[in-house]
file model-v2.txt (compact mmCIF, C-alpha atoms and all ligand atoms)
# COMPACT_ATOMS: atom_id res chain seq x y z
CA MET A 1 8.41 12.22 19.57
CA ARG A 2 5.69 12.43 16.96
CA GLU A 3 6.27 14.61 13.88
CA SER A 4 3.32 16.87 14.75
CA VAL A 5 4.93 17.79 18.09
CA LYS A 6 8.27 18.52 16.36
CA MET A 7 6.51 20.74 13.82
CA LEU A 8 4.39 22.47 16.47
CA LEU A 9 7.58 23.32 18.34
CA HIS A 10 9.01 24.56 15.03
CA TYR A 11 6.16 27.07 14.66
CA ILE A 12 6.26 28.10 18.34
CA THR A 13 10.03 28.70 18.24
CA GLY A 14 9.50 30.76 15.06
CA VAL A 15 7.23 33.12 17.02
CA LEU A 16 9.61 33.09 20.01
CA ILE A 17 12.53 34.11 17.77
CA LEU A 18 10.51 37.11 16.64
CA ILE A 19 9.53 38.18 20.18
CA THR A 20 12.83 37.56 22.00
CA GLY A 21 14.82 38.86 19.00
CA ALA A 22 12.82 42.10 19.04
CA ILE A 23 13.31 42.48 22.82
CA HIS A 24 17.03 41.80 22.41
CA VAL A 25 17.55 44.33 19.62
CA LEU A 26 15.32 46.99 21.16
CA SER A 27 16.82 46.73 24.64
CA GLY A 28 20.29 47.03 23.12
CA HIS A 29 19.21 50.00 21.05
CA PHE A 30 17.40 51.78 23.85
CA GLU A 31 19.86 50.79 26.55
CA ALA A 32 19.92 54.31 27.91
CA TYR A 33 16.14 54.09 28.52
CA GLY A 34 16.53 50.76 30.27
CA LEU A 35 13.94 48.60 28.44
CA ILE A 36 15.14 45.58 30.41
CA LYS A 37 16.59 46.78 33.66
CA SER A 38 17.83 43.52 35.12
CA ALA A 39 20.91 41.90 33.59
CA GLU A 40 19.54 38.45 34.50
CA LEU A 41 16.31 39.04 32.58
CA TYR A 42 18.37 40.24 29.62
CA SER A 43 20.42 37.02 29.72
CA ILE A 44 17.32 34.83 30.10
CA ASN A 45 15.80 36.52 27.05
CA LYS A 46 19.04 35.82 25.16
CA LEU A 47 18.94 32.19 26.26
CA ILE A 48 15.37 31.68 25.04
CA PHE A 49 16.34 33.41 21.78
CA LEU A 50 19.34 31.09 21.40
CA ALA A 51 17.37 27.92 22.22
CA SER A 52 14.59 28.90 19.79
CA ILE A 53 16.99 29.72 16.97
CA LEU A 54 18.87 26.46 17.50
CA TYR A 55 15.70 24.35 17.50
CA HIS A 56 14.15 26.19 14.55
CA ALA A 57 17.30 26.09 12.41
CA LEU A 58 18.29 22.50 13.18
CA ASN A 59 14.75 21.24 12.68
CA GLY A 60 14.71 23.06 9.33
CA VAL A 61 17.95 21.30 8.38
CA ARG A 62 16.46 17.96 9.53
CA VAL A 63 13.38 18.42 7.34
CA VAL A 64 15.49 19.26 4.28
CA LEU A 65 17.87 16.35 4.89
CA ILE A 66 15.19 13.69 5.43
CA GLU A 67 13.53 14.79 2.19
CA PHE A 68 16.79 14.64 0.26
CA VAL A 69 17.93 11.32 1.70
CA PRO A 70 14.72 9.25 1.88
CA LYS A 71 16.17 6.25 3.71
CA ARG A 72 14.69 4.92 6.96
CA TRP A 73 18.08 4.53 8.72
CA PHE A 74 19.03 8.10 7.77
CA THR A 75 15.70 9.53 8.99
CA ASP A 76 16.19 7.81 12.36
CA SER A 77 19.85 8.71 12.87
CA ILE A 78 19.84 12.33 11.61
CA THR A 79 17.46 13.41 14.40
CA LEU A 80 19.81 12.00 17.04
CA VAL A 81 22.89 13.59 15.45
CA LEU A 82 21.20 17.01 15.28
CA ILE A 83 19.98 16.76 18.92
CA ILE A 84 23.59 16.14 20.02
CA ILE A 85 24.92 19.05 17.91
CA GLY A 86 22.15 21.33 19.20
CA LEU A 87 22.71 20.43 22.86
CA ALA A 88 26.50 20.85 22.60
CA PHE A 89 26.09 24.24 20.94
CA PHE A 90 23.46 25.33 23.50
CA ILE A 91 25.57 24.35 26.52
CA TYR A 92 28.69 26.01 25.10
CA THR A 93 26.89 29.27 24.23
CA SER A 94 24.97 29.46 27.51
CA LEU A 95 28.27 29.20 29.36
CA LEU A 96 29.45 32.20 27.34
CA ILE A 97 26.27 34.18 28.14
CA PHE A 98 26.37 33.63 31.92
CA MET B 99 -7.96 17.58 -38.50
CA LYS B 100 -4.37 16.35 -38.70
CA VAL B 101 -2.50 16.18 -35.40
CA THR B 102 1.11 15.22 -34.72
CA PHE B 103 1.66 13.01 -31.67
CA LYS B 104 5.11 12.81 -30.08
CA ILE B 105 5.03 9.80 -27.77
CA PHE B 106 7.51 8.61 -25.16
CA ARG B 107 8.73 5.06 -25.86
CA PHE B 108 10.70 2.92 -23.49
CA ASN B 109 10.91 -0.78 -22.80
CA PRO B 110 13.26 -1.26 -19.83
CA ALA B 111 13.63 -4.96 -20.74
CA VAL B 112 15.39 -4.18 -24.03
CA ASP B 113 16.07 -0.41 -24.33
CA SER B 114 19.04 1.28 -22.70
CA SER B 115 17.38 4.70 -22.89
CA PRO B 116 13.96 6.16 -23.79
CA ARG B 117 13.17 7.53 -27.25
CA TRP B 118 10.35 9.47 -28.94
CA SER B 119 8.09 8.24 -31.71
CA VAL B 120 6.24 10.72 -33.90
CA TYR B 121 2.91 9.90 -35.60
CA GLU B 122 0.62 11.97 -37.78
CA VAL B 123 -3.02 11.10 -37.18
CA GLU B 124 -6.27 12.27 -38.66
CA VAL B 125 -8.72 12.73 -35.78
CA ASP B 126 -12.20 14.16 -35.62
CA LYS B 127 -13.14 17.06 -33.35
CA SER B 128 -14.70 15.03 -30.58
CA ALA B 129 -11.87 12.49 -30.32
CA THR B 130 -10.21 11.98 -26.97
CA ILE B 131 -6.48 11.42 -26.55
CA LEU B 132 -7.30 7.77 -25.78
CA ASP B 133 -9.18 7.45 -29.11
CA ALA B 134 -6.17 8.88 -30.94
CA LEU B 135 -3.73 6.56 -29.14
CA LEU B 136 -5.88 3.54 -29.94
CA LYS B 137 -6.03 4.66 -33.57
CA ILE B 138 -2.23 4.78 -33.64
CA LYS B 139 -2.02 1.34 -32.00
CA GLU B 140 -4.56 -0.24 -34.33
CA ASN B 141 -3.48 1.36 -37.61
CA ILE B 142 0.13 2.50 -37.37
CA ASP B 143 2.15 0.93 -34.57
CA PRO B 144 0.81 -2.10 -32.64
CA THR B 145 3.85 -2.07 -30.33
CA LEU B 146 2.70 1.14 -28.63
CA THR B 147 1.71 0.19 -25.06
CA LEU B 148 -0.87 1.96 -22.92
CA ARG B 149 -3.32 1.07 -20.15
CA TYR B 150 -7.04 1.84 -20.09
CA SER B 151 -10.29 0.21 -19.15
CA CYS B 152 -13.48 2.19 -18.54
CA ARG B 153 -13.03 5.02 -21.09
CA GLN B 154 -15.10 7.29 -18.83
CA ALA B 155 -12.86 8.64 -16.05
CA VAL B 156 -13.87 5.99 -13.55
CA CYS B 157 -11.18 3.29 -13.40
CA GLY B 158 -8.17 5.62 -13.14
CA SER B 159 -6.01 3.54 -15.51
CA CYS B 160 -5.20 5.96 -18.30
CA GLY B 161 -3.30 8.73 -16.48
CA MET B 162 -0.42 10.23 -18.46
CA VAL B 163 1.39 13.52 -18.95
CA ILE B 164 -0.22 15.22 -21.95
CA ASN B 165 1.39 18.43 -23.20
CA GLY B 166 3.21 18.80 -19.88
CA LYS B 167 0.22 18.29 -17.60
CA GLU B 168 -1.10 15.18 -15.86
CA ARG B 169 -4.46 14.20 -17.39
CA LEU B 170 -6.66 11.19 -18.05
CA ALA B 171 -6.35 10.22 -21.72
CA CYS B 172 -10.02 9.21 -21.87
CA PHE B 173 -11.15 12.50 -20.32
CA THR B 174 -9.11 14.87 -22.49
CA ARG B 175 -10.28 15.90 -25.91
CA VAL B 176 -7.73 16.63 -28.63
CA LEU B 177 -9.54 19.90 -29.35
CA GLU B 178 -9.28 21.27 -25.82
CA LEU B 179 -5.48 21.18 -26.02
CA ASN B 180 -5.66 23.78 -28.77
CA SER B 181 -2.55 22.51 -30.52
CA ASN B 182 -1.62 20.44 -33.57
CA MET B 183 1.37 19.03 -31.74
CA ILE B 184 0.68 16.81 -28.73
CA THR B 185 3.39 15.35 -26.53
CA ILE B 186 2.54 12.33 -24.40
CA GLU B 187 4.70 10.91 -21.59
CA PRO B 188 4.09 8.37 -18.82
CA LEU B 189 3.25 9.64 -15.32
CA LYS B 190 6.27 10.97 -13.43
CA ASN B 191 7.44 9.61 -10.06
CA PHE B 192 6.52 6.04 -11.08
CA PRO B 193 8.74 3.35 -12.62
CA VAL B 194 7.92 2.76 -16.29
CA ILE B 195 6.81 -0.78 -17.18
CA LYS B 196 6.59 -0.04 -20.88
CA ASP B 197 5.92 3.14 -22.91
CA LEU B 198 2.95 4.87 -21.20
CA VAL B 199 2.32 2.18 -18.60
CA THR B 200 3.65 2.82 -15.11
CA ASP B 201 4.01 0.63 -12.03
CA PHE B 202 1.72 1.56 -9.09
CA THR B 203 2.89 -1.25 -6.75
CA GLU B 204 4.84 1.04 -4.38
CA LEU B 205 1.90 3.45 -4.16
CA PHE B 206 -0.54 0.69 -3.27
CA VAL B 207 1.86 -0.63 -0.61
CA LYS B 208 1.92 2.85 0.94
CA GLU B 209 -1.87 3.02 0.72
CA LYS B 210 -2.23 -0.24 2.63
CA THR B 211 -0.22 1.14 5.57
CA ILE B 212 -2.88 3.77 6.37
CA LYS B 213 -5.66 1.18 6.55
CA PRO B 214 -7.96 2.68 3.92
CA TYR B 215 -11.20 1.30 5.26
CA ILE B 216 -13.67 1.91 8.07
CA ILE B 217 -12.28 0.67 11.37
CA ARG B 218 -14.50 0.00 14.38
CA ARG B 219 -13.21 -0.67 17.89
CA ASP B 220 -15.79 -3.37 18.43
CA LEU B 221 -14.38 -6.35 16.51
CA GLU B 222 -17.43 -8.45 17.25
CA GLU B 223 -19.61 -5.85 15.57
CA MET B 224 -17.23 -5.64 12.57
CA MET B 225 -17.18 -9.38 12.01
CA LYS B 226 -20.88 -9.98 12.66
CA PRO B 227 -22.78 -6.93 11.46
CA VAL B 228 -26.39 -6.70 12.56
CA GLY B 229 -27.37 -3.41 11.01
CA MET B 230 -26.21 -0.33 9.21
CA TYR B 231 -25.09 3.07 10.39
CA LEU B 232 -27.34 5.98 9.66
CA GLN B 233 -25.63 9.12 8.44
CA LYS B 234 -27.12 12.57 8.34
CA GLU B 235 -26.76 14.43 5.08
CA GLU B 236 -24.21 16.85 6.55
CA GLU B 237 -22.15 13.91 7.85
CA THR B 238 -21.94 12.43 4.37
CA LEU B 239 -21.19 15.81 2.86
CA SER B 240 -18.28 16.31 5.28
CA TYR B 241 -16.20 13.69 3.45
CA LEU B 242 -17.98 13.17 0.13
CA GLN B 243 -15.62 15.40 -1.89
CA PHE B 244 -12.61 13.44 -0.61
CA ALA B 245 -14.21 10.06 -1.25
CA GLU B 246 -14.33 10.44 -5.02
CA CYS B 247 -10.71 9.33 -5.59
CA ILE B 248 -10.26 6.91 -8.51
CA GLU B 249 -6.59 6.22 -7.65
CA CYS B 250 -5.37 7.49 -11.00
CA GLY B 251 -2.07 8.73 -9.56
CA LEU B 252 -2.14 12.10 -11.39
CA CYS B 253 -1.60 13.95 -8.10
CA VAL B 254 1.33 11.69 -7.22
CA SER B 255 2.97 12.46 -10.55
CA ALA B 256 2.50 16.22 -10.13
CA CYS B 257 3.65 16.44 -6.48
CA PRO B 258 7.12 18.05 -6.13
CA THR B 259 7.66 16.42 -2.72
CA VAL B 260 7.20 12.90 -4.14
CA SER B 261 9.83 13.65 -6.78
CA ILE B 262 12.42 14.24 -4.02
CA ASP B 263 11.22 12.13 -1.10
CA ARG B 264 10.34 8.64 -2.31
CA LEU B 265 9.09 7.73 1.18
CA PHE B 266 6.54 10.59 1.27
CA LEU B 267 3.09 9.06 1.66
CA THR B 268 1.81 10.96 -1.40
CA PRO B 269 -1.27 13.21 -1.77
CA MET B 270 -3.44 10.29 -2.86
CA VAL B 271 -2.73 8.24 0.25
CA LEU B 272 -2.95 11.19 2.65
CA ASN B 273 -6.27 12.23 1.14
CA LYS B 274 -7.50 8.69 1.69
CA ALA B 275 -6.33 8.76 5.32
CA TYR B 276 -8.30 11.98 5.86
CA ARG B 277 -11.36 10.67 4.03
CA PHE B 278 -11.62 7.68 6.38
CA SER B 279 -10.57 9.53 9.54
CA ILE B 280 -13.39 12.09 9.23
CA ASP B 281 -16.00 9.53 8.33
CA PRO B 282 -18.36 9.54 11.35
CA ARG B 283 -18.51 5.73 11.25
CA ASP B 284 -14.74 5.34 11.55
CA GLU B 285 -12.84 4.89 14.82
CA GLY B 286 -9.39 4.21 13.36
CA PHE B 287 -7.74 7.65 13.41
CA GLU B 288 -5.37 6.71 16.24
CA GLU B 289 -4.38 3.49 14.48
CA ARG B 290 -3.34 5.50 11.42
CA LEU B 291 -1.42 8.14 13.42
CA SER B 292 1.95 6.36 13.58
CA ILE B 293 2.07 6.45 9.75
CA ILE B 294 0.43 9.75 8.81
CA ASP B 295 2.12 11.68 11.65
CA SER B 296 5.60 10.33 10.88
CA GLU B 297 8.66 11.95 9.27
CA HIS B 298 7.45 11.11 5.76
CA GLY B 299 3.77 11.73 6.48
CA CYS B 300 1.54 14.76 6.05
CA TRP B 301 4.06 17.28 7.46
CA ARG B 302 6.24 16.96 4.36
CA CYS B 303 3.50 18.50 2.21
CA HIS B 304 4.59 22.03 1.27
CA PHE B 305 1.12 23.08 0.17
CA ALA B 306 2.20 23.84 -3.42
CA LEU B 307 -1.17 22.45 -4.57
CA ALA B 308 0.21 20.93 -7.77
CA CYS B 309 -1.85 17.86 -6.79
CA SER B 310 -5.15 19.74 -6.56
CA ASN B 311 -4.42 21.42 -9.87
CA VAL B 312 -4.44 18.11 -11.79
CA CYS B 313 -7.03 16.01 -9.95
CA PRO B 314 -9.68 15.01 -12.52
CA LYS B 315 -12.27 14.49 -9.79
CA GLY B 316 -11.95 17.90 -8.13
CA ILE B 317 -10.87 16.29 -4.88
CA ASP B 318 -8.32 18.92 -3.81
CA PRO B 319 -5.91 16.62 -1.94
CA GLY B 320 -3.85 19.68 -0.94
CA LYS B 321 -6.84 20.86 1.10
CA SER B 322 -7.51 17.51 2.74
CA ILE B 323 -3.83 17.29 3.78
CA GLN B 324 -4.09 20.66 5.53
CA TYR B 325 -7.27 19.47 7.29
CA LEU B 326 -5.43 16.31 8.28
CA LYS B 327 -2.61 18.40 9.82
CA ASN B 328 -5.24 20.36 11.72
CA MET B 329 -6.86 17.17 12.97
CA ILE B 330 -3.51 15.74 14.11
CA THR B 331 -2.48 19.01 15.83
CA SER B 332 -5.73 19.26 17.83
CA HIS B 333 -5.37 15.60 18.78
CA SER B 334 -1.71 16.12 19.90
CA LEU B 335 -2.55 19.28 21.88
CA LEU B 336 -5.46 17.64 23.69
CA GLU B 337 -3.31 14.63 24.47
CA LEU B 338 -0.38 16.81 25.61
CA PHE B 339 -2.29 19.24 27.85
CA LEU B 340 -5.38 17.31 28.94
CA GLY B 341 -4.09 13.77 28.63
CA ARG B 342 -7.16 12.77 26.63
CA THR B 343 -8.45 12.92 23.08
CA LYS B 344 -11.72 14.10 21.59
CA LYS B 345 -14.37 11.39 21.47
CA LYS B 346 -15.98 10.95 18.10
CA LYS B 347 -19.73 11.23 18.01
CA LYS B 348 -21.10 7.75 17.45
CA THR B 349 -23.31 7.25 14.46
CA GLU B 350 -26.69 5.74 15.11
CA LEU B 351 -26.97 2.00 14.45
CA LEU B 352 -30.07 1.01 12.59
CA GLU B 353 -30.77 -2.63 13.35
CA ARG B 354 -31.54 -4.71 10.30
CA PRO B 355 -32.41 -8.28 11.25
CA HIS B 356 -31.75 -9.47 7.69
CA ILE B 357 -28.08 -8.35 7.88
CA SER B 358 -26.27 -11.24 9.45
CA SER B 359 -22.86 -12.79 8.98
CA GLU B 360 -24.43 -16.26 9.11
CA PRO B 361 -25.94 -17.09 5.74
CA GLU B 362 -29.41 -18.52 6.13
CA ILE B 363 -29.91 -21.90 4.53
S1 LIG A 401 0.11 20.34 -1.83
FE1 LIG A 401 1.40 18.83 -0.80
S2 LIG A 401 0.80 16.87 -1.60
FE2 LIG A 401 -0.05 18.44 -3.00
S3 LIG A 401 1.53 18.66 -4.59
FE3 LIG A 401 2.00 20.14 -3.01
S4 LIG A 401 3.47 19.10 -1.65
FE4 LIG A 401 2.47 17.52 -2.90
S1 LIG A 402 -6.76 12.43 -5.49
FE1 LIG A 402 -7.45 12.91 -7.58
S2 LIG A 402 -5.56 12.91 -8.79
FE2 LIG A 402 -5.09 11.89 -6.88
S3 LIG A 402 -5.35 9.72 -7.29
FE3 LIG A 402 -7.31 10.48 -6.46
S4 LIG A 402 -8.51 11.07 -8.24
FE4 LIG A 402 -6.42 10.84 -8.95
S1 LIG A 403 -9.87 4.57 -19.10
FE1 LIG A 403 -10.68 4.53 -17.08
S2 LIG A 403 -10.14 6.48 -16.34
FE2 LIG A 403 -9.51 6.56 -18.41

call {"tool": "encode", "arguments": {"input": "model-v2.txt", "output": "C-alpha cells"}}
result
Amino acid sequence: MRESVKMLLHYITGVLILITGAIHVLSGHFEAYGLIKSAELYSINKLIFLASILYHALNGVRVVLIEFVPKRWFTDSITLVLIIIGLAFFIYTSLLIF
Amino acid sequence: MKVTFKIFRFNPAVDSSPRWSVYEVEVDKSATILDALLKIKENIDPTLTLRYSCRQAVCGSCGMVINGKERLACFTRVLELNSNMITIEPLKNFPVIKDLVTDFTELFVKEKTIKPYIIRRDLEEMMKPVGMYLQKEEETLSYLQFAECIECGLCVSACPTVSIDRLFLTPMVLNKAYRFSIDPRDEGFEERLSIIDSEHGCWRCHFALACSNVCPKGIDPGKSIQYLKNMITSHSLLELFLGRTKKKKKTELLERPHISSEPEI
C-alpha cells in the first residue's frame, strides 16, 4: 500500500474517532432519552470507533518508529508486525463487544 | 571594525574530536563572511578549509551555520549579523570532510532517485528532438519559484526530520520532485511516485518550515512539499475511486527544423 493511502486513512480515522466517539459518549450519557435505540447500532458504532482508534494509534506508532529507526528492513517489517498486533487486538475486542 | 571569529575545526583523518579556533580579524563594513574567512586563510591560518566558487550566491558551495543559522558565506555580510563575535560551523546533517566542508554524496544519490529532469513518454521524441515546447507565461510561473534551487543544502541542514530520519528524502530533493512534476512539459510524475510516496518520502515532512526559513533563494520548500502531498493525494483518490488518473495538458510543440539529433556535416 502506498504511503499516501496509509496517511489518508490516518486522517479519515481521525475524523471517525471524533464522530463515533461523540456518539458513544452522548448515547451513554443520554441513555434515558435513547439517542441510539438499537443495541446492534450501538455495538456497530463501538466497533467502528475501536477500528479507527486502533488504525490511528498504530499508524502513529509506525510513523514515529520508522523515523527513529531509519533502516529499510525495519521500515518493511514494522508495518507487518503492527498489522498483526492490530488485527489480534481488534478480533479479541470485537468478541468482547458482541 | 575588529571581529572575533570562533570557527569549528575538525579533520576526521587525524582528529579524534572537533575543536574551536578563535581568530581576531579586522574587516571593513561591506565584507562578507566569505571575505573574512579568506582573510583568515590567507593571513593567519592556511590550514583552515572551506569550499566556495562563485562568490555570488549561485553555485551553492559555501553553505555553513553562521551564528546558529544556515546561511551562504558569500551572501552574508559581517555587518548584518550585528555582533562582534561570530561563530561558524559546518552544515548539520552532513558528514564533515574537513573543517567547514561537508560531504553531499548521500544527498545527490537521493536526488538521482527522483529523476530530476523532464521525462517524456515518447522516447523517440526525447532522443531525437525536432522542436521545442512552447510555454505560456502562467505555465512557467507555476514552477518558476521552485526552479531556483542552487543545491546549497541549507534546507537539509535546518530540517528537523533529516536530523532523525537519515532516509528522509530531504526538502531539497522533494522540492525538486515537485518542480519537475508540475512542469507542463513533464510526464514523469508516476515514475517518481514509488520514491516520493514511500515511507521516507514527502509524508515525513512535519511542516515545521525550518527549511523555508533558511533558503537563500526564497524557494519555500515547505510549501512545495505540501503541494506535492496534495498532488499525490488527488492522484491516489482518482486512481482509487475512478481507476484512472488526471491527464496532463500537453504543451504545444513548436517544430524547429534546425533542431535535430543528427549533426549536419
Ligand atoms: S517543513 Fe518539512 S522539509 Fe521543511 S524543515 Fe520542516 S519537516 Fe523538514
Ligand atoms: S531549496 Fe533553497 S535552501 Fe534548499 S538546497 Fe535549494 S536553494 Fe538551498
Ligand atoms: S560561493 Fe557560490 S554560493 Fe557562495

call {"tool": "residues_near_ligand", "arguments": {"input": "model-v2.txt", "ligand": "ligand LIG 403 (chain A)", "cutoff": "9 Å", "atoms": "all atoms listed in the file", "output": "PyMOL selection string"}}
result
chain B and resi 132+149-161+170-173+248+250

call {"tool": "axis_aligned_box", "arguments": {"input": "model-v2.txt", "around": "region 41-56 of chain A", "padding_each_side": "6 Å", "output": "AutoDock Vina command-line options"}}
result
--center_x 17.3 --center_y 32.3 --center_z 23.6 --size_x 18.3 --size_y 27.9 --size_z 30.0

call {"tool": "residues_around", "arguments": {"input": "model-v2.txt", "residues": "region 290-293 of chain B", "least_positions_apart": "4", "cutoff": "7 Å", "atoms": "only C-alpha atoms", "output": "PyMOL selection string"}}
result
chain B and resi 212-213+286+299

call {"tool": "residues_near_ligand", "arguments": {"input": "model-v2.txt", "ligand": "ligand LIG 402 (chain A)", "cutoff": "6 Å", "atoms": "all atoms listed in the file", "output": "mmCIF file with C-alpha atoms, in the coordinates of the input"}}
result
data_model
loop_
_atom_site.group_PDB
_atom_site.id
_atom_site.type_symbol
_atom_site.label_atom_id
_atom_site.label_comp_id
_atom_site.auth_asym_id
_atom_site.auth_seq_id
_atom_site.Cartn_x
_atom_site.Cartn_y
_atom_site.Cartn_z
ATOM 1 C CA CYS B 247 -10.710 9.330 -5.590
ATOM 2 C CA ILE B 248 -10.260 6.910 -8.510
ATOM 3 C CA GLU B 249 -6.590 6.220 -7.650
ATOM 4 C CA CYS B 250 -5.370 7.490 -11.000
ATOM 5 C CA GLY B 251 -2.070 8.730 -9.560
ATOM 6 C CA LEU B 252 -2.140 12.100 -11.390
ATOM 7 C CA CYS B 253 -1.600 13.950 -8.100
ATOM 8 C CA MET B 270 -3.440 10.290 -2.860
ATOM 9 C CA CYS B 313 -7.030 16.010 -9.950
ATOM 10 C CA PRO B 314 -9.680 15.010 -12.520
ATOM 11 C CA LYS B 315 -12.270 14.490 -9.790
ATOM 12 C CA ILE B 317 -10.870 16.290 -4.880
ATOM 13 C CA PRO B 319 -5.910 16.620 -1.940
#

call {"tool": "atom_distance", "arguments": {"input": "model-v2.txt", "atom1": "CA of Ile217 (chain B)", "atom2": "CA of Glu288 (chain B)"}}
result
10.4 Å

call {"tool": "residues_near_ligand", "arguments": {"input": "model-v2.txt", "ligand": "ligand LIG 401 (chain A)", "cutoff": "8 Å", "atoms": "all atoms listed in the file", "output": "list in words"}}
result
Cys253, Val254, Ala256, Cys257, Pro258, Thr259, Val260, Thr268, Pro269, Met270, Cys300, Arg302, Cys303, His304, Phe305, Ala306, Leu307, Ala308, Cys309, Ser310, Pro319, Gly320, Lys321 and Ile323 of chain B

call {"tool": "interface_residues", "arguments": {"input": "model-v2.txt", "of": "chain B", "to": "chain A", "cutoff": "8 Å", "atoms": "all atoms listed in the file", "output": "ChimeraX atom specification"}}
result
/B:259,262-265,292,295-298,301-302,327,330-331,334

call {"tool": "decode", "arguments": {"input": "model-v2.txt", "residues": "region 205-220 of chain B", "atoms": "N, CA, C and O atoms", "output": "PDB file, in the first residue's frame"}}
result
ATOM      1  N   LEU B 205      23.221  13.034  -0.392  1.00  0.00           N
ATOM      2  CA  LEU B 205      22.120  13.886  -0.854  1.00  0.00           C
ATOM      3  C   LEU B 205      21.943  13.762  -2.372  1.00  0.00           C
ATOM      4  O   LEU B 205      20.824  13.656  -2.880  1.00  0.00           O
ATOM      5  N   PHE B 206      23.054  13.756  -3.091  1.00  0.00           N
ATOM      6  CA  PHE B 206      22.959  13.674  -4.544  1.00  0.00           C
ATOM      7  C   PHE B 206      22.484  12.282  -4.995  1.00  0.00           C
ATOM      8  O   PHE B 206      21.848  12.160  -6.045  1.00  0.00           O
ATOM      9  N   VAL B 207      22.793  11.255  -4.195  1.00  0.00           N
ATOM     10  CA  VAL B 207      22.290   9.914  -4.522  1.00  0.00           C
ATOM     11  C   VAL B 207      20.768   9.911  -4.376  1.00  0.00           C
ATOM     12  O   VAL B 207      20.038   9.411  -5.236  1.00  0.00           O
ATOM     13  N   LYS B 208      20.276  10.536  -3.290  1.00  0.00           N
ATOM     14  CA  LYS B 208      18.823  10.632  -3.090  1.00  0.00           C
ATOM     15  C   LYS B 208      18.192  11.418  -4.228  1.00  0.00           C
ATOM     16  O   LYS B 208      17.129  11.081  -4.735  1.00  0.00           O
ATOM     17  N   GLU B 209      18.852  12.497  -4.640  1.00  0.00           N
ATOM     18  CA  GLU B 209      18.306  13.348  -5.693  1.00  0.00           C
ATOM     19  C   GLU B 209      18.142  12.570  -6.996  1.00  0.00           C
ATOM     20  O   GLU B 209      17.147  12.716  -7.700  1.00  0.00           O
ATOM     21  N   LYS B 210      19.101  11.715  -7.277  1.00  0.00           N
ATOM     22  CA  LYS B 210      19.065  10.933  -8.517  1.00  0.00           C
ATOM     23  C   LYS B 210      17.841  10.019  -8.562  1.00  0.00           C
ATOM     24  O   LYS B 210      17.279   9.784  -9.637  1.00  0.00           O
ATOM     25  N   THR B 211      17.414   9.523  -7.383  1.00  0.00           N
ATOM     26  CA  THR B 211      16.307   8.558  -7.366  1.00  0.00           C
ATOM     27  C   THR B 211      14.989   9.175  -7.830  1.00  0.00           C
ATOM     28  O   THR B 211      14.101   8.467  -8.283  1.00  0.00           O
ATOM     29  N   ILE B 212      14.843  10.505  -7.721  1.00  0.00           N
ATOM     30  CA  ILE B 212      13.563  11.098  -8.129  1.00  0.00           C
ATOM     31  C   ILE B 212      13.572  11.579  -9.584  1.00  0.00           C
ATOM     32  O   ILE B 212      12.635  12.222 -10.028  1.00  0.00           O
ATOM     33  N   LYS B 213      14.621  11.239 -10.288  1.00  0.00           N
ATOM     34  CA  LYS B 213      14.753  11.606 -11.704  1.00  0.00           C
ATOM     35  C   LYS B 213      14.517  13.107 -11.927  1.00  0.00           C
ATOM     36  O   LYS B 213      13.455  13.514 -12.427  1.00  0.00           O
ATOM     37  N   PRO B 214      15.494  13.903 -11.505  1.00  0.00           N
ATOM     38  CA  PRO B 214      15.312  15.364 -11.558  1.00  0.00           C
ATOM     39  C   PRO B 214      15.532  15.958 -12.946  1.00  0.00           C
ATOM     40  O   PRO B 214      16.454  16.734 -13.156  1.00  0.00           O
ATOM     41  N   TYR B 215      14.710  15.549 -13.864  1.00  0.00           N
ATOM     42  CA  TYR B 215      14.785  16.083 -15.222  1.00  0.00           C
ATOM     43  C   TYR B 215      13.431  15.864 -15.881  1.00  0.00           C
ATOM     44  O   TYR B 215      12.589  15.127 -15.367  1.00  0.00           O
ATOM     45  N   ILE B 216      13.232  16.511 -17.041  1.00  0.00           N
ATOM     46  CA  ILE B 216      11.964  16.379 -17.746  1.00  0.00           C
ATOM     47  C   ILE B 216      11.887  14.982 -18.368  1.00  0.00           C
ATOM     48  O   ILE B 216      12.817  14.561 -19.065  1.00  0.00           O
ATOM     49  N   ILE B 217      10.794  14.294 -18.081  1.00  0.00           N
ATOM     50  CA  ILE B 217      10.617  12.954 -18.656  1.00  0.00           C
ATOM     51  C   ILE B 217       9.450  13.005 -19.641  1.00  0.00           C
ATOM     52  O   ILE B 217       8.384  13.534 -19.320  1.00  0.00           O
ATOM     53  N   ARG B 218       9.638  12.455 -20.815  1.00  0.00           N
ATOM     54  CA  ARG B 218       8.558  12.362 -21.797  1.00  0.00           C
ATOM     55  C   ARG B 218       8.273  10.886 -22.045  1.00  0.00           C
ATOM     56  O   ARG B 218       9.175  10.053 -21.994  1.00  0.00           O
ATOM     57  N   ARG B 219       6.996  10.574 -22.293  1.00  0.00           N
ATOM     58  CA  ARG B 219       6.660   9.158 -22.545  1.00  0.00           C
ATOM     59  C   ARG B 219       7.219   8.690 -23.882  1.00  0.00           C
ATOM     60  O   ARG B 219       7.599   7.558 -24.050  1.00  0.00           O
ATOM     61  N   ASP B 220       7.256   9.619 -24.833  1.00  0.00           N
ATOM     62  CA  ASP B 220       7.704   9.274 -26.168  1.00  0.00           C
ATOM     63  C   ASP B 220       9.244   9.296 -26.220  1.00  0.00           C
ATOM     64  O   ASP B 220       9.867  10.352 -26.342  1.00  0.00           O
TER      65      ASP B 220
END
